[in-house]
>>> print(open('work-v8.txt').read())   # compact mmCIF, C-alpha atoms and all ligand atoms
# COMPACT_ATOMS: atom_id res chain seq x y z
CA MET Y 418 0.00 0.00 0.00
CA THR Y 419 1.27 3.50 -0.77
CA ASP Y 420 2.49 5.32 2.31
CA LEU Y 421 0.59 8.60 1.92
CA GLY Y 422 2.59 10.04 4.82
CA LEU Y 423 5.49 10.23 2.38
CA TYR Y 424 3.85 12.94 0.33
CA ARG Y 425 5.04 16.50 0.87
CA HIS Y 426 4.72 19.68 -1.12
CA LEU Y 427 8.05 20.95 -2.43
CA ASP Y 428 7.93 23.96 -0.10
CA GLN Y 429 7.68 21.64 2.91
CA MET Y 430 11.01 20.07 1.99
CA ALA Y 431 14.60 21.30 1.97
CA PRO Y 432 16.56 21.42 -1.30
CA TRP Y 433 19.46 19.03 -1.84
CA ASN Y 434 22.54 21.13 -1.45
CA ASP Y 435 24.40 19.40 1.33
CA ARG Y 436 27.55 17.57 0.51
CA LEU Y 437 26.36 14.34 2.06
CA GLN Y 438 22.93 12.81 1.78
CA VAL Y 439 21.62 9.42 2.83
CA LEU Y 440 19.53 7.87 0.07
CA GLU Y 441 17.07 5.01 0.19
CA VAL Y 442 16.64 2.69 -2.79
CA ILE Y 443 13.02 2.77 -3.94
CA GLY Y 444 13.30 0.98 -7.26
CA VAL Y 445 15.54 -1.26 -9.36
CA SER Y 446 14.75 -1.94 -13.00
CA ASP Y 447 16.43 -3.78 -15.86
CA GLU Y 448 17.21 -1.61 -18.89
CA ALA Y 449 19.36 -3.88 -21.09
CA PRO Y 450 21.67 -6.86 -20.56
CA ASP Y 451 23.83 -6.04 -17.50
CA VAL Y 452 22.30 -2.57 -17.22
CA LYS Y 453 20.05 -1.53 -14.34
CA THR Y 454 18.50 1.69 -13.12
CA PHE Y 455 18.54 2.33 -9.37
CA THR Y 456 16.08 4.94 -8.12
CA PHE Y 457 16.54 6.67 -4.76
CA ARG Y 458 14.67 9.05 -2.51
CA SER Y 459 16.12 11.06 0.32
CA ASP Y 460 15.51 9.72 3.79
CA ASN Y 461 15.51 13.30 5.02
CA GLN Y 462 12.56 15.01 3.28
CA THR Y 463 14.85 16.55 0.71
CA TRP Y 464 14.01 17.42 -2.86
CA PHE Y 465 16.75 16.99 -5.42
CA ARG Y 466 18.15 20.17 -6.97
CA TYR Y 467 20.73 19.56 -9.71
CA GLN Y 468 21.39 20.20 -13.38
CA PRO Y 469 20.46 17.54 -15.94
CA GLY Y 470 23.70 15.76 -16.86
CA GLN Y 471 25.39 16.12 -13.45
CA PHE Y 472 26.73 13.20 -11.43
CA VAL Y 473 26.79 11.99 -7.84
CA THR Y 474 29.30 9.96 -5.87
CA LEU Y 475 27.92 6.95 -4.01
CA GLU Y 476 29.66 5.48 -1.00
CA LEU Y 477 29.18 1.72 -1.35
CA PRO Y 478 29.72 -0.17 1.91
CA THR Y 479 31.43 -3.25 0.49
CA ALA Y 480 32.90 -6.00 2.68
CA ASP Y 481 36.38 -4.58 1.99
CA GLY Y 482 35.40 -1.12 3.22
CA PRO Y 483 33.66 1.90 1.69
CA LEU Y 484 34.09 2.25 -2.06
CA MET Y 485 33.48 5.66 -3.67
CA ARG Y 486 31.99 5.49 -7.17
CA THR Y 487 30.85 8.33 -9.39
CA TYR Y 488 27.70 7.89 -11.51
CA THR Y 489 25.90 10.28 -13.83
CA LEU Y 490 22.26 10.82 -12.99
CA SER Y 491 19.86 9.53 -15.62
CA SER Y 492 16.86 11.18 -13.95
CA SER Y 493 15.64 14.72 -14.62
CA PRO Y 494 15.53 17.53 -12.02
CA SER Y 495 12.08 18.35 -13.41
CA ARG Y 496 10.94 15.38 -11.27
CA PRO Y 497 12.65 16.43 -8.04
CA PHE Y 498 11.35 13.87 -5.52
CA SER Y 499 13.74 11.10 -6.57
CA ILE Y 500 16.98 10.59 -8.46
CA ALA Y 501 18.20 7.65 -10.53
CA VAL Y 502 21.47 6.30 -11.83
CA THR Y 503 21.66 3.80 -14.70
CA VAL Y 504 24.74 1.63 -14.55
CA LYS Y 505 26.32 -1.10 -16.62
CA ALA Y 506 28.19 -3.91 -14.89
CA GLN Y 507 31.42 -4.13 -16.85
CA ALA Y 508 33.57 -7.25 -16.57
CA GLY Y 509 35.64 -6.92 -13.42
CA SER Y 510 33.71 -3.94 -12.02
CA ILE Y 511 33.59 -4.14 -8.24
CA GLY Y 512 31.36 -1.21 -7.32
CA THR Y 513 28.67 -1.77 -9.93
CA ARG Y 514 28.63 -5.52 -9.27
CA TRP Y 515 28.17 -4.75 -5.57
CA MET Y 516 25.21 -2.54 -6.46
CA PHE Y 517 23.66 -5.31 -8.58
CA ASP Y 518 24.01 -7.81 -5.72
CA ASN Y 519 23.08 -5.61 -2.77
CA LEU Y 520 20.93 -2.62 -3.69
CA VAL Y 521 17.29 -3.54 -3.26
CA PRO Y 522 14.39 -1.35 -2.15
CA GLY Y 523 14.84 -0.26 1.46
CA VAL Y 524 18.67 -0.31 1.43
CA HIS Y 525 20.40 2.98 2.33
CA VAL Y 526 23.60 4.39 0.83
CA LYS Y 527 25.48 7.65 1.30
CA ALA Y 528 25.75 10.05 -1.63
CA TYR Y 529 27.89 13.13 -2.26
CA GLY Y 530 27.09 15.72 -4.84
CA PRO Y 531 25.70 16.72 -7.23
CA ALA Y 532 28.62 17.98 -9.33
CA GLY Y 533 29.83 18.45 -12.90
CA ASP Y 534 29.18 20.96 -15.68
CA PHE Y 535 28.34 18.53 -18.49
CA SER Y 536 24.88 20.01 -18.82
CA LEU Y 537 22.96 22.03 -21.38
CA HIS Y 538 22.28 24.44 -18.51
CA SER Y 539 26.00 25.27 -18.48
CA HIS Y 540 26.20 25.45 -22.30
CA PRO Y 541 22.88 26.73 -23.63
CA ALA Y 542 22.35 26.66 -27.42
CA ALA Y 543 19.59 26.95 -30.00
CA LYS Y 544 20.05 23.38 -31.25
CA TYR Y 545 21.70 20.34 -29.71
CA LEU Y 546 23.23 17.09 -30.86
CA PHE Y 547 23.69 14.40 -28.20
CA ILE Y 548 26.09 11.63 -29.26
CA SER Y 549 26.55 8.68 -26.93
CA ALA Y 550 27.66 5.09 -26.80
CA GLY Y 551 26.75 2.41 -24.27
CA SER Y 552 26.00 3.73 -20.80
CA GLY Y 553 27.25 7.15 -21.95
CA VAL Y 554 23.58 7.65 -22.79
CA THR Y 555 22.76 8.43 -19.12
CA PRO Y 556 23.56 12.17 -19.02
CA MET Y 557 21.88 12.54 -22.44
CA MET Y 558 18.77 10.86 -21.07
CA SER Y 559 18.74 13.21 -18.10
CA MET Y 560 18.94 16.22 -20.43
CA LEU Y 561 16.37 14.84 -22.86
CA ARG Y 562 13.90 14.04 -20.07
CA TRP Y 563 14.35 17.58 -18.78
CA LEU Y 564 13.73 19.01 -22.26
CA ASN Y 565 10.66 16.81 -22.69
CA ASP Y 566 9.22 18.12 -19.41
CA CYS Y 567 10.27 21.76 -19.70
CA ALA Y 568 11.00 22.68 -23.35
CA PRO Y 569 9.55 19.91 -25.55
CA TRP Y 570 9.80 21.92 -28.79
CA THR Y 571 13.65 22.09 -28.56
CA ASP Y 572 15.55 20.99 -31.65
CA VAL Y 573 17.59 17.95 -30.54
CA GLY Y 574 19.43 15.34 -32.55
CA PHE Y 575 20.00 12.22 -30.46
CA VAL Y 576 22.50 9.66 -31.75
CA ASN Y 577 23.17 6.52 -29.74
CA CYS Y 578 25.61 3.74 -30.65
CA ALA Y 579 25.49 0.21 -29.25
CA ARG Y 580 26.96 -3.15 -30.08
CA ARG Y 581 23.66 -4.95 -30.68
CA PRO Y 582 20.02 -3.79 -30.95
CA GLU Y 583 19.05 -5.16 -27.53
CA GLU Y 584 21.90 -3.20 -25.94
CA ILE Y 585 20.41 0.19 -26.85
CA ILE Y 586 19.61 1.54 -23.41
CA PHE Y 587 16.24 3.38 -23.03
CA ARG Y 588 15.29 2.53 -26.64
CA LYS Y 589 11.53 2.23 -25.97
CA GLU Y 590 11.40 5.45 -23.97
CA LEU Y 591 13.44 7.26 -26.60
CA GLU Y 592 11.06 6.14 -29.32
CA LEU Y 593 8.12 7.32 -27.21
CA LEU Y 594 9.79 10.71 -26.70
CA GLY Y 595 10.46 10.81 -30.45
CA SER Y 596 6.72 10.57 -31.05
CA ARG Y 597 6.01 13.38 -28.56
CA MET Y 598 8.79 15.91 -29.08
CA PRO Y 599 8.39 17.51 -32.51
CA GLY Y 600 12.02 18.72 -32.59
CA LEU Y 601 13.61 15.40 -31.61
CA SER Y 602 15.29 13.29 -34.25
CA LEU Y 603 16.64 9.90 -33.18
CA GLY Y 604 19.48 7.98 -34.78
CA PHE Y 605 20.56 4.56 -33.56
CA MET Y 606 23.63 2.77 -34.84
CA ILE Y 607 24.67 -0.78 -34.04
CA GLU Y 608 27.80 -2.78 -34.80
CA GLU Y 609 26.40 -6.35 -35.03
CA ARG Y 610 23.07 -7.94 -35.87
CA SER Y 611 21.55 -10.17 -33.23
CA SER Y 612 19.28 -13.20 -33.23
CA ARG Y 613 17.23 -11.58 -30.44
CA GLU Y 614 16.03 -8.50 -32.34
CA GLY Y 615 15.71 -7.64 -36.02
CA TRP Y 616 17.48 -4.51 -37.26
CA PHE Y 617 16.82 -2.31 -40.28
CA GLY Y 618 18.74 0.80 -39.19
CA HIS Y 619 22.29 2.11 -39.44
CA MET Y 620 25.17 -0.30 -38.92
CA GLY Y 621 28.88 0.18 -38.29
CA ARG Y 622 30.73 2.83 -36.34
CA ILE Y 623 30.05 6.52 -36.38
CA ASP Y 624 32.41 8.24 -38.82
CA ALA Y 625 32.69 11.24 -41.13
CA ILE Y 626 30.34 9.61 -43.67
CA ARG Y 627 27.67 8.39 -41.26
CA LEU Y 628 27.50 11.47 -38.98
CA PRO Y 629 26.04 13.75 -41.71
CA LEU Y 630 23.50 11.00 -42.50
CA LEU Y 631 22.40 10.94 -38.86
CA ALA Y 632 22.57 14.72 -38.32
CA PRO Y 633 22.97 16.63 -41.60
CA ASP Y 634 23.23 20.04 -39.87
CA PHE Y 635 25.63 18.90 -37.11
CA ARG Y 636 27.85 21.98 -37.67
CA GLU Y 637 25.01 24.22 -36.48
CA ARG Y 638 24.52 22.39 -33.20
CA ALA Y 639 26.07 22.34 -29.73
CA ILE Y 640 27.39 18.80 -29.46
CA PHE Y 641 27.47 16.80 -26.22
CA CYS Y 642 29.36 13.51 -26.35
CA CYS Y 643 29.65 10.74 -23.76
CA GLY Y 644 30.89 7.17 -24.00
CA PRO Y 645 34.03 5.08 -23.66
CA ASP Y 646 37.27 7.06 -24.11
CA PRO Y 647 38.14 5.62 -27.59
CA PHE Y 648 34.62 6.53 -28.77
CA MET Y 649 34.90 10.12 -27.53
CA ARG Y 650 38.40 10.46 -29.03
CA ALA Y 651 37.06 9.24 -32.39
CA VAL Y 652 34.10 11.66 -32.33
CA ARG Y 653 36.32 14.55 -31.30
CA GLY Y 654 38.88 13.79 -34.02
CA MET Y 655 36.15 13.46 -36.65
CA LEU Y 656 34.62 16.81 -35.68
CA GLU Y 657 38.00 18.58 -35.64
CA ALA Y 658 38.76 17.20 -39.09
CA SER Y 659 35.38 18.37 -40.36
CA GLY Y 660 36.06 21.98 -39.34
CA PHE Y 661 33.46 21.93 -36.56
CA ASP Y 662 33.77 24.86 -34.14
CA MET Y 663 35.09 22.97 -31.07
CA GLU Y 664 33.87 25.77 -28.78
CA ASN Y 665 30.50 24.09 -29.23
CA TYR Y 666 31.76 20.61 -28.33
CA HIS Y 667 31.38 19.27 -24.79
CA GLN Y 668 32.34 15.86 -23.57
CA GLU Y 669 31.91 14.07 -20.27
CA SER Y 670 35.11 12.71 -18.90
CA PHE Y 671 35.99 11.12 -15.61
CA ALA Y 672 39.59 10.54 -16.67
CA ALA Y 673 42.19 12.09 -14.38
CA PRO Y 674 44.84 14.41 -15.72
CA ALA Y 675 48.45 13.26 -15.36
CA VAL Y 676 49.31 12.82 -11.72
CA GLU Y 677 51.85 15.19 -10.34
CA GLU Y 678 54.63 13.42 -8.52
CA ILE Y 679 54.71 14.19 -4.82
CA PRO Y 680 58.13 15.23 -3.69
CA ALA Y 681 59.69 13.15 -0.96
CA PRO Y 682 60.25 14.99 2.32
CA PHE Y 683 63.98 15.14 1.61
CA ALA Y 684 65.75 15.64 -1.67
CA SER Y 685 68.35 13.11 -2.73
CA PRO Y 686 71.71 14.16 -1.38
CA PRO Y 687 74.07 15.65 -3.90
CA GLU Y 688 76.94 13.35 -4.78
CA GLY Y 689 78.84 12.85 -1.56
CA GLY Y 690 76.81 15.54 0.22
CA ALA Y 691 74.40 15.53 3.13
CA THR Y 692 70.59 15.11 2.87
CA VAL Y 693 68.86 18.50 2.67
CA PRO Y 694 65.25 19.29 3.52
CA VAL Y 695 63.24 20.43 0.44
CA GLU Y 696 61.06 22.78 2.41
CA ALA Y 697 59.70 22.89 5.93
CA ALA Y 698 56.50 20.90 6.51
CA THR Y 699 53.32 22.90 7.13
CA PRO Y 700 51.23 22.17 10.24
CA VAL Y 701 47.66 21.01 9.52
CA ARG Y 702 45.14 20.53 12.30
CA PHE Y 703 42.11 18.28 11.65
CA SER Y 704 39.78 19.64 14.29
CA LEU Y 705 36.96 17.04 14.31
CA SER Y 706 39.46 14.18 14.56
CA ASP Y 707 41.63 16.10 17.05
CA VAL Y 708 44.72 15.27 15.00
CA ASP Y 709 47.73 17.51 14.39
CA ALA Y 710 49.65 16.59 11.24
CA GLU Y 711 52.48 17.90 9.10
CA CYS Y 712 52.01 18.45 5.38
CA VAL Y 713 55.17 17.82 3.42
CA ALA Y 714 55.86 20.33 0.64
CA GLY Y 715 53.92 19.28 -2.46
CA GLN Y 716 51.40 17.11 -0.59
CA THR Y 717 47.69 17.80 -0.72
CA VAL Y 718 45.44 18.14 2.30
CA LEU Y 719 43.90 14.76 1.37
CA GLN Y 720 47.30 13.04 1.30
CA THR Y 721 48.18 14.61 4.65
CA ALA Y 722 44.86 13.42 6.13
CA ARG Y 723 45.46 9.87 4.92
CA ALA Y 724 49.02 9.82 6.18
CA SER Y 725 47.77 10.79 9.63
CA GLY Y 726 44.80 8.43 9.80
CA VAL Y 727 42.07 11.05 9.21
CA ARG Y 728 39.34 9.89 6.83
CA ILE Y 729 38.13 12.36 4.21
CA PRO Y 730 35.88 10.67 1.60
CA ALA Y 731 37.24 11.01 -1.92
CA ALA Y 732 36.41 9.57 -5.35
CA CYS Y 733 37.96 11.21 -8.44
CA GLU Y 734 40.95 12.76 -6.64
CA PHE Y 735 41.43 15.45 -9.28
CA GLY Y 736 39.02 18.15 -8.22
CA LEU Y 737 35.99 17.14 -10.27
CA CYS Y 738 33.47 15.23 -8.17
CA GLY Y 739 33.36 17.41 -5.03
CA THR Y 740 33.36 14.40 -2.70
CA CYS Y 741 36.39 15.57 -0.68
CA LYS Y 742 34.94 19.02 0.08
CA VAL Y 743 35.88 20.14 3.58
CA LYS Y 744 35.60 23.37 5.54
CA LYS Y 745 38.79 25.33 6.07
CA ILE Y 746 38.63 26.99 9.48
CA ALA Y 747 41.97 28.81 9.28
CA GLY Y 748 44.93 29.25 6.96
CA GLU Y 749 45.39 29.49 3.20
CA VAL Y 750 45.65 26.89 0.45
CA GLU Y 751 46.52 26.84 -3.22
CA MET Y 752 43.66 24.98 -4.90
CA SER Y 753 43.63 23.81 -8.50
CA HIS Y 754 40.26 22.14 -9.17
CA ASN Y 755 38.33 20.92 -12.19
CA GLY Y 756 34.88 22.27 -11.38
CA GLY Y 757 34.10 20.21 -8.28
CA ILE Y 758 33.49 23.28 -6.11
CA LEU Y 759 31.40 26.39 -6.70
CA ASP Y 760 32.54 29.98 -6.22
CA HIS Y 761 30.12 30.59 -3.36
CA GLU Y 762 31.39 27.48 -1.59
CA ILE Y 763 34.95 28.78 -1.85
CA GLU Y 764 33.75 32.12 -0.48
CA ASP Y 765 32.14 30.21 2.41
CA GLY Y 766 35.52 28.68 3.26
CA PHE Y 767 35.24 25.23 1.62
CA ILE Y 768 38.11 23.57 -0.23
CA LEU Y 769 38.61 20.33 -2.12
CA ALA Y 770 41.10 18.37 -0.07
CA CYS Y 771 42.37 16.34 -3.05
CA CYS Y 772 43.64 19.36 -4.97
CA SER Y 773 44.53 21.84 -2.22
CA LYS Y 774 48.04 22.37 -0.92
CA PRO Y 775 48.65 24.45 2.20
CA ILE Y 776 50.52 27.72 1.86
CA SER Y 777 50.21 28.48 5.58
CA ALA Y 778 49.32 26.59 8.76
CA LEU Y 779 45.82 25.14 8.36
CA GLU Y 780 42.88 24.11 10.46
CA ILE Y 781 40.45 21.81 8.63
CA GLU Y 782 37.03 20.62 9.81
CA ALA Y 783 37.58 16.89 9.35
S1 LIG C 801 37.85 13.51 -4.63
FE1 LIG C 801 36.74 14.30 -6.30
S2 LIG C 801 37.01 16.46 -6.02
FE2 LIG C 801 38.30 15.60 -4.53
>>> encode(input="work-v8.txt", output="structure tokens")
Amino acid sequence: MTDLGLYRHLDQMAPWNDRLQVLEVIGVSDEAPDVKTFTFRSDNQTWFRYQPGQFVTLELPTADGPLMRTYTLSSSPSRPFSIAVTVKAQAGSIGTRWMFDNLVPGVHVKAYGPAGDFSLHSHPAAKYLFISAGSGVTPMMSMLRWLNDCAPWTDVGFVNCARRPEEIIFRKELELLGSRMPGLSLGFMIEERSSREGWFGHMGRIDAIRLPLLAPDFRERAIFCCGPDPFMRAVRGMLEASGFDMENYHQESFAAPAVEEIPAPFASPPEGGATVPVEAATPVRFSLSDVDAECVAGQTVLQTARASGVRIPAACEFGLCGTCKVKKIAGEVEMSHNGGILDHEIEDGFILACCSKPISALEIEA
């Protein structure tokens, strides 16, 4: 029976803007082979405020300890009482496999976020082209669902590539949206036929010949691309070669930039010379843990916390996901992030521990 006590008006609930939220699974559904959607509500009377295309970080309590995993939301903020992630269990994936085996309605998990600027709200345009492969369709679905609810006349080309017909995620819903949104044109492309479903559409891989067939006016559109790295590299290269204005190209990427080597506390001694300190260590106090630590020159606040046994949750570790956001009570840092923190949060004294290095003695709320 429906629990009517659950129902609240939006103005009776608080918006989702905390870093940490406890979510309750309210639905699990199969989308395609090895692909499931997990739907969550807040256990704290919170409505979900985010931009379509953003992601969250889930803390999965596996037997080997908490595992932080970042997933793009497939739901739309136009339906703010729940959120959903749609995930594919890749061979060897630990986090996603744990979700498949353990997340059933009623189970609670911690979530951090939302974060990310892969959203049409950050890059508005007159016409869009969404190009995706595999589970890279999830941010596109979030944006398309939002457009269907809030701006259904928008001109959108939607190209999705999959290995086989039955692996096209959200195909039925996309076809339904195609019949309702006058400006939506769908293009599916598969690599192999299958005995499970007939196929009369495009076959092969997206390339400079097929793209104009799927979206003849692609040069006039803002293009959003998401999929495996080789797929995104191929799309990017094809667009650059075609003379596309890359200012209008946006791709989702969770890949970390090259990792900067952390200097050792002492430089190697010159030939025959004595060991010399590189730079004095900077004191860092973690107030909630009541721990006083020393940050070696070049180390981040997150590395210092780990070295001294203080737990700060982290996922991407390159300033994108926002999971390691902590409050700086005193001192100054040099922070080089990739969009995981907003200007007003910085003004309020927050930093991302994974990409902040102290430039004076620090006190951190952790
Ligand atoms: S761990 Fe992702 S921003 Fe720091």
>>> residues_near_ligand(input="work-v8.txt", ligand="ligand LIG 801 (chain C)", cutoff="8 Å", atoms="only C-alpha atoms and all ligand atoms", output="PyMOL selection string")
chain Y and resi 730-742+754-755+757-758+769-772
>>> atom_distance(input="work-v8.txt", atom1="atom CA of Cys567 of chain Y", atom2="atom CA of Glu441 of chain Y")
26.9 Å
>>> residues_around(input="work-v8.txt", residues="Glu592 of chain Y", least_positions_apart="5", cutoff="10 Å", atoms="only C-alpha atoms", output="list in words")
Phe587, Arg597, Leu601, Ser602 and Leu603 of chain Y
>>> residues_around(input="work-v8.txt", residues="Lys544 of chain Y", least_positions_apart="3", cutoff="9 Å", atoms="all atoms listed in the file", output="PyMOL selection string")
chain Y and resi 541+571-574+637-640
>>> atom_distance(input="work-v8.txt", atom1="atom CA of Gln668 of chain Y", atom2="atom CA of Arg653 of chain Y")
8.8 Å
>>> atom_distance(input="work-v8.txt", atom1="atom CA of Met558 of chain Y", atom2="atom CA of Gly660 of chain Y")
27.5 Å
>>> closest_residue(input="work-v8.txt", among="Y:Gly444, Y:Ala783, Y:Gly604, Y:Ala480", to="Phe767 of chain Y", atoms="only C-alpha atoms")
Y:Ala783
>>> residues_around(input="work-v8.txt", residues="Gln429 of chain Y", least_positions_apart="4", cutoff="10 Å", atoms="only C-alpha atoms", output="list in words")
Tyr424, Arg425, Gln462, Thr463 and Trp464 of chain Y
>>> residues_around(input="work-v8.txt", residues="Lys527 of chain Y", least_positions_apart="3", cutoff="7 Å", atoms="all atoms listed in the file", output="PDB file with C-alpha atoms, keeping the file's coordinate frame")
ATOM      1  CA  LEU Y 437      26.360  14.340   2.060  1.00  0.00           C
ATOM      2  CA  GLN Y 438      22.930  12.810   1.780  1.00  0.00           C
ATOM      3  CA  VAL Y 439      21.620   9.420   2.830  1.00  0.00           C
ATOM      4  CA  LEU Y 440      19.530   7.870   0.070  1.00  0.00           C
ATOM      5  CA  LEU Y 475      27.920   6.950  -4.010  1.00  0.00           C
ATOM      6  CA  GLU Y 476      29.660   5.480  -1.000  1.00  0.00           C
TER       7      GLU Y 476
END
>>> closest_residue(input="work-v8.txt", among="Y:Asp566, Y:Glu608, Y:Glu583, Y:Asp765", to="Ser493 of chain Y", atoms="all atoms listed in the file")
Y:Asp566
>>> residues_around(input="work-v8.txt", residues="Val524 of chain Y", least_positions_apart="2", cutoff="9 Å", atoms="only C-alpha atoms", output="ChimeraX atom specification")
/Y:440-443,519-522,526
>>> residues_near_point(input="work-v8.txt", point="(32.5, 2.6, -9.0)", cutoff="7 Å", atoms="all atoms listed in the file", output="number ranges by chain")
Y: 485-487, 511-513
>>> residues_near_point(input="work-v8.txt", point="(28.7, 23.9, -20.5)", cutoff="12 Å", atoms="only C-alpha atoms", output="MDAnalysis selection string")
chainID Y and resid 468:471 533:542 639:642 664:669 756
